[in-house]
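Read the structure below first, then the notes.
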Amino acid sequence: MRVAIGTPVKNHTVTVEYHASLWQLARWPGFEYTFYQSPEDLVRCRSRLVRWFLEETSCDKLIMWDSDIAPNPRVVLKMMELPFDIVAARYRQKLEKVVYIPLLPVDAKPDEYNTFSVDYIPMGLVCMSRKALQKMVDHYRDELECQDLYHGKMKPTVMLFNLIRETVERDWSGMGAPIGSKVLLSEDYSFSKRARALDIPIHLMVEPVPHVGDFVFV
């Protein structure tokens, strides 16, 4: 299996820990990958990475890997092998208080693959199949396609990560949002909502991965 690795970057910089993880993975026997980085805002970056993956590579899966995530290579390899169209890794928020995202129900139990079936995932480290992404792009093209200027060229891009305004039905964020109020979903939760609307299952791995800030949060 050949994979595409796409990384949103800010100011064209990545953390040392990210670079070390990617270097270790690249040296793994038999591992083949194509690599692409994109700057600018996350909605544009992530949508652009999907367009690049579908139109400019022949890879089977896209691994979206943020520049502040530093996984053990074995975690990435396991993601690639799991029989799911979308599977993500958990990681801790960059806070002194230990909070992992996304929040899980207290009675949540992992399946036989040691993953959880969830409604929403963070996009810091996620593996997605070509089949699932193509299905989403085809379905949402009329609603979300626009011209994206990159390197001086306009390219039609389906903005799968465009933010969704939603009525709060339950406090999935754990932040005390009043039921019935309006919230603007983040780009990763907006993507998750669109995937679930097409009956594309979303899974979350049990193993957390390091999240790099002023410290390495694990």
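Letters A, B, ... go to the chains of the structure tokens in the order shown; residues in each chain start at 1; ligands are counted from 1 in the same order.
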
message: I need the residues in segment 83-211 of chain A that are strand (DSSP E) according to DSSP; give them as a ChimeraX atom specification.
response: /A:86-92,100-101,115-117,125-129,145-150,153-158,165-167,182-184,203-209,211

Store the residues picked out above in a file with N, CA and C atoms, as a short mmCIF file (atom, residue, chain, number, x, y, z; two decimals), in the first residue's frame.
```cif
data_model
loop_
_atom_site.label_atom_id
_atom_site.label_comp_id
_atom_site.auth_asym_id
_atom_site.auth_seq_id
_atom_site.Cartn_x
_atom_site.Cartn_y
_atom_site.Cartn_z
N ILE A 86 -12.19 5.84 7.69
CA ILE A 86 -11.68 7.01 8.40
C ILE A 86 -11.33 6.60 9.82
N VAL A 87 -10.09 6.75 10.20
CA VAL A 87 -9.66 6.42 11.57
C VAL A 87 -8.66 7.47 12.03
N ALA A 88 -8.85 7.96 13.25
CA ALA A 88 -8.01 9.04 13.78
C ALA A 88 -7.37 8.63 15.09
N ALA A 89 -6.37 9.41 15.49
CA ALA A 89 -5.70 9.21 16.77
C ALA A 89 -6.18 10.24 17.78
N ARG A 90 -6.20 9.86 19.04
CA ARG A 90 -6.52 10.78 20.13
C ARG A 90 -5.26 11.54 20.53
N TYR A 91 -5.45 12.73 21.07
CA TYR A 91 -4.31 13.43 21.67
C TYR A 91 -4.81 14.41 22.72
N ARG A 92 -3.89 14.79 23.57
CA ARG A 92 -4.21 15.66 24.70
C ARG A 92 -4.23 17.12 24.25
N TYR A 100 -8.21 14.79 26.98
CA TYR A 100 -7.97 14.23 25.66
C TYR A 100 -9.14 14.56 24.74
N ILE A 101 -8.83 14.78 23.47
CA ILE A 101 -9.88 15.08 22.49
C ILE A 101 -9.91 13.97 21.44
N THR A 115 -10.39 0.18 18.79
CA THR A 115 -10.82 1.51 18.37
C THR A 115 -12.23 1.76 18.89
N PHE A 116 -12.62 3.03 18.90
CA PHE A 116 -13.98 3.43 19.26
C PHE A 116 -14.70 3.91 18.01
N SER A 117 -15.98 3.59 17.90
CA SER A 117 -16.83 4.20 16.87
C SER A 117 -17.35 5.51 17.45
N LEU A 125 -4.14 13.72 13.40
CA LEU A 125 -3.55 12.54 12.76
C LEU A 125 -4.70 11.61 12.39
N VAL A 126 -4.98 11.54 11.10
CA VAL A 126 -6.12 10.75 10.63
C VAL A 126 -5.78 10.09 9.30
N CYS A 127 -6.25 8.86 9.14
CA CYS A 127 -6.02 8.10 7.91
C CYS A 127 -7.37 7.91 7.21
N MET A 128 -7.43 8.28 5.92
CA MET A 128 -8.70 8.25 5.18
C MET A 128 -8.52 7.54 3.85
N SER A 129 -9.52 6.75 3.47
CA SER A 129 -9.43 6.00 2.22
C SER A 129 -9.82 6.86 1.03
N GLU A 145 -17.90 23.42 -3.75
CA GLU A 145 -16.76 23.66 -4.65
C GLU A 145 -16.56 25.16 -4.89
N CYS A 146 -15.30 25.57 -4.89
CA CYS A 146 -14.94 26.94 -5.24
C CYS A 146 -13.53 26.94 -5.82
N GLN A 147 -13.15 28.07 -6.40
CA GLN A 147 -11.81 28.20 -6.97
C GLN A 147 -10.81 28.51 -5.86
N ASP A 148 -9.73 27.74 -5.83
CA ASP A 148 -8.70 27.92 -4.81
C ASP A 148 -7.41 28.36 -5.49
N LEU A 149 -6.92 29.54 -5.12
CA LEU A 149 -5.69 30.07 -5.71
C LEU A 149 -4.48 29.55 -4.93
N TYR A 150 -3.62 28.83 -5.61
CA TYR A 150 -2.43 28.28 -4.97
C TYR A 150 -1.29 28.27 -5.97
N LYS A 153 -2.17 29.61 -9.44
CA LYS A 153 -3.12 28.92 -10.29
C LYS A 153 -4.43 28.68 -9.56
N MET A 154 -5.53 28.84 -10.28
CA MET A 154 -6.84 28.55 -9.73
C MET A 154 -7.18 27.08 -9.95
N LYS A 155 -7.59 26.40 -8.87
CA LYS A 155 -7.96 25.00 -8.99
C LYS A 155 -9.30 24.76 -8.28
N PRO A 156 -10.30 24.19 -8.99
CA PRO A 156 -11.58 23.90 -8.34
C PRO A 156 -11.37 22.94 -7.19
N THR A 157 -11.81 23.33 -6.00
CA THR A 157 -11.59 22.52 -4.80
C THR A 157 -12.88 22.45 -3.99
N VAL A 158 -13.23 21.23 -3.57
CA VAL A 158 -14.43 21.04 -2.75
C VAL A 158 -14.02 21.25 -1.29
N ARG A 165 -22.53 25.82 10.92
CA ARG A 165 -23.24 26.41 12.06
C ARG A 165 -24.34 25.44 12.47
N GLU A 166 -24.33 25.06 13.75
CA GLU A 166 -25.20 23.98 14.21
C GLU A 166 -25.91 24.35 15.51
N THR A 167 -27.12 23.83 15.66
CA THR A 167 -27.85 23.99 16.91
C THR A 167 -27.39 22.92 17.90
N LYS A 182 -26.64 28.24 19.23
CA LYS A 182 -25.91 28.01 17.98
C LYS A 182 -24.41 28.01 18.24
N VAL A 183 -23.72 27.07 17.60
CA VAL A 183 -22.27 27.04 17.67
C VAL A 183 -21.71 26.88 16.26
N LEU A 184 -20.49 27.33 16.06
CA LEU A 184 -19.79 27.13 14.79
C LEU A 184 -18.81 25.98 14.99
N HIS A 203 -13.82 6.15 13.11
CA HIS A 203 -13.24 5.41 14.24
C HIS A 203 -12.08 6.18 14.86
N LEU A 204 -11.88 5.91 16.14
CA LEU A 204 -10.84 6.58 16.92
C LEU A 204 -9.99 5.53 17.61
N MET A 205 -8.70 5.61 17.45
CA MET A 205 -7.79 4.67 18.09
C MET A 205 -7.67 4.95 19.58
N VAL A 206 -7.46 3.90 20.36
CA VAL A 206 -7.32 4.05 21.81
C VAL A 206 -6.02 4.75 22.17
N GLU A 207 -4.92 4.39 21.48
CA GLU A 207 -3.61 4.92 21.84
C GLU A 207 -3.53 6.42 21.56
N PRO A 208 -3.21 7.25 22.57
CA PRO A 208 -3.00 8.68 22.32
C PRO A 208 -1.63 8.92 21.71
N VAL A 209 -1.50 10.05 21.01
CA VAL A 209 -0.20 10.42 20.41
C VAL A 209 0.24 11.76 21.00
N HIS A 211 1.23 15.56 21.54
CA HIS A 211 0.77 16.82 20.96
C HIS A 211 1.76 17.89 21.41
#
```

Those in segment 97-162 of chain A with helix (DSSP H, G or I) from DSSP, as an MDAnalysis selection string: chainID A and resid 130:144

task: Check the smallest atom-to-atom distance from each of A:Lys109, A:Arg44, A:Lys193, A:Lys10 to Asp66 of chain A using only C-alpha atoms, then report the winner.
output: A:Lys10

statement: Using only C-alpha atoms, the shortest atom-to-atom distance to Gly124 of chain A among A:Pro8, A:Pro29, A:Pro73, A:Gly176 belongs to A:Pro8
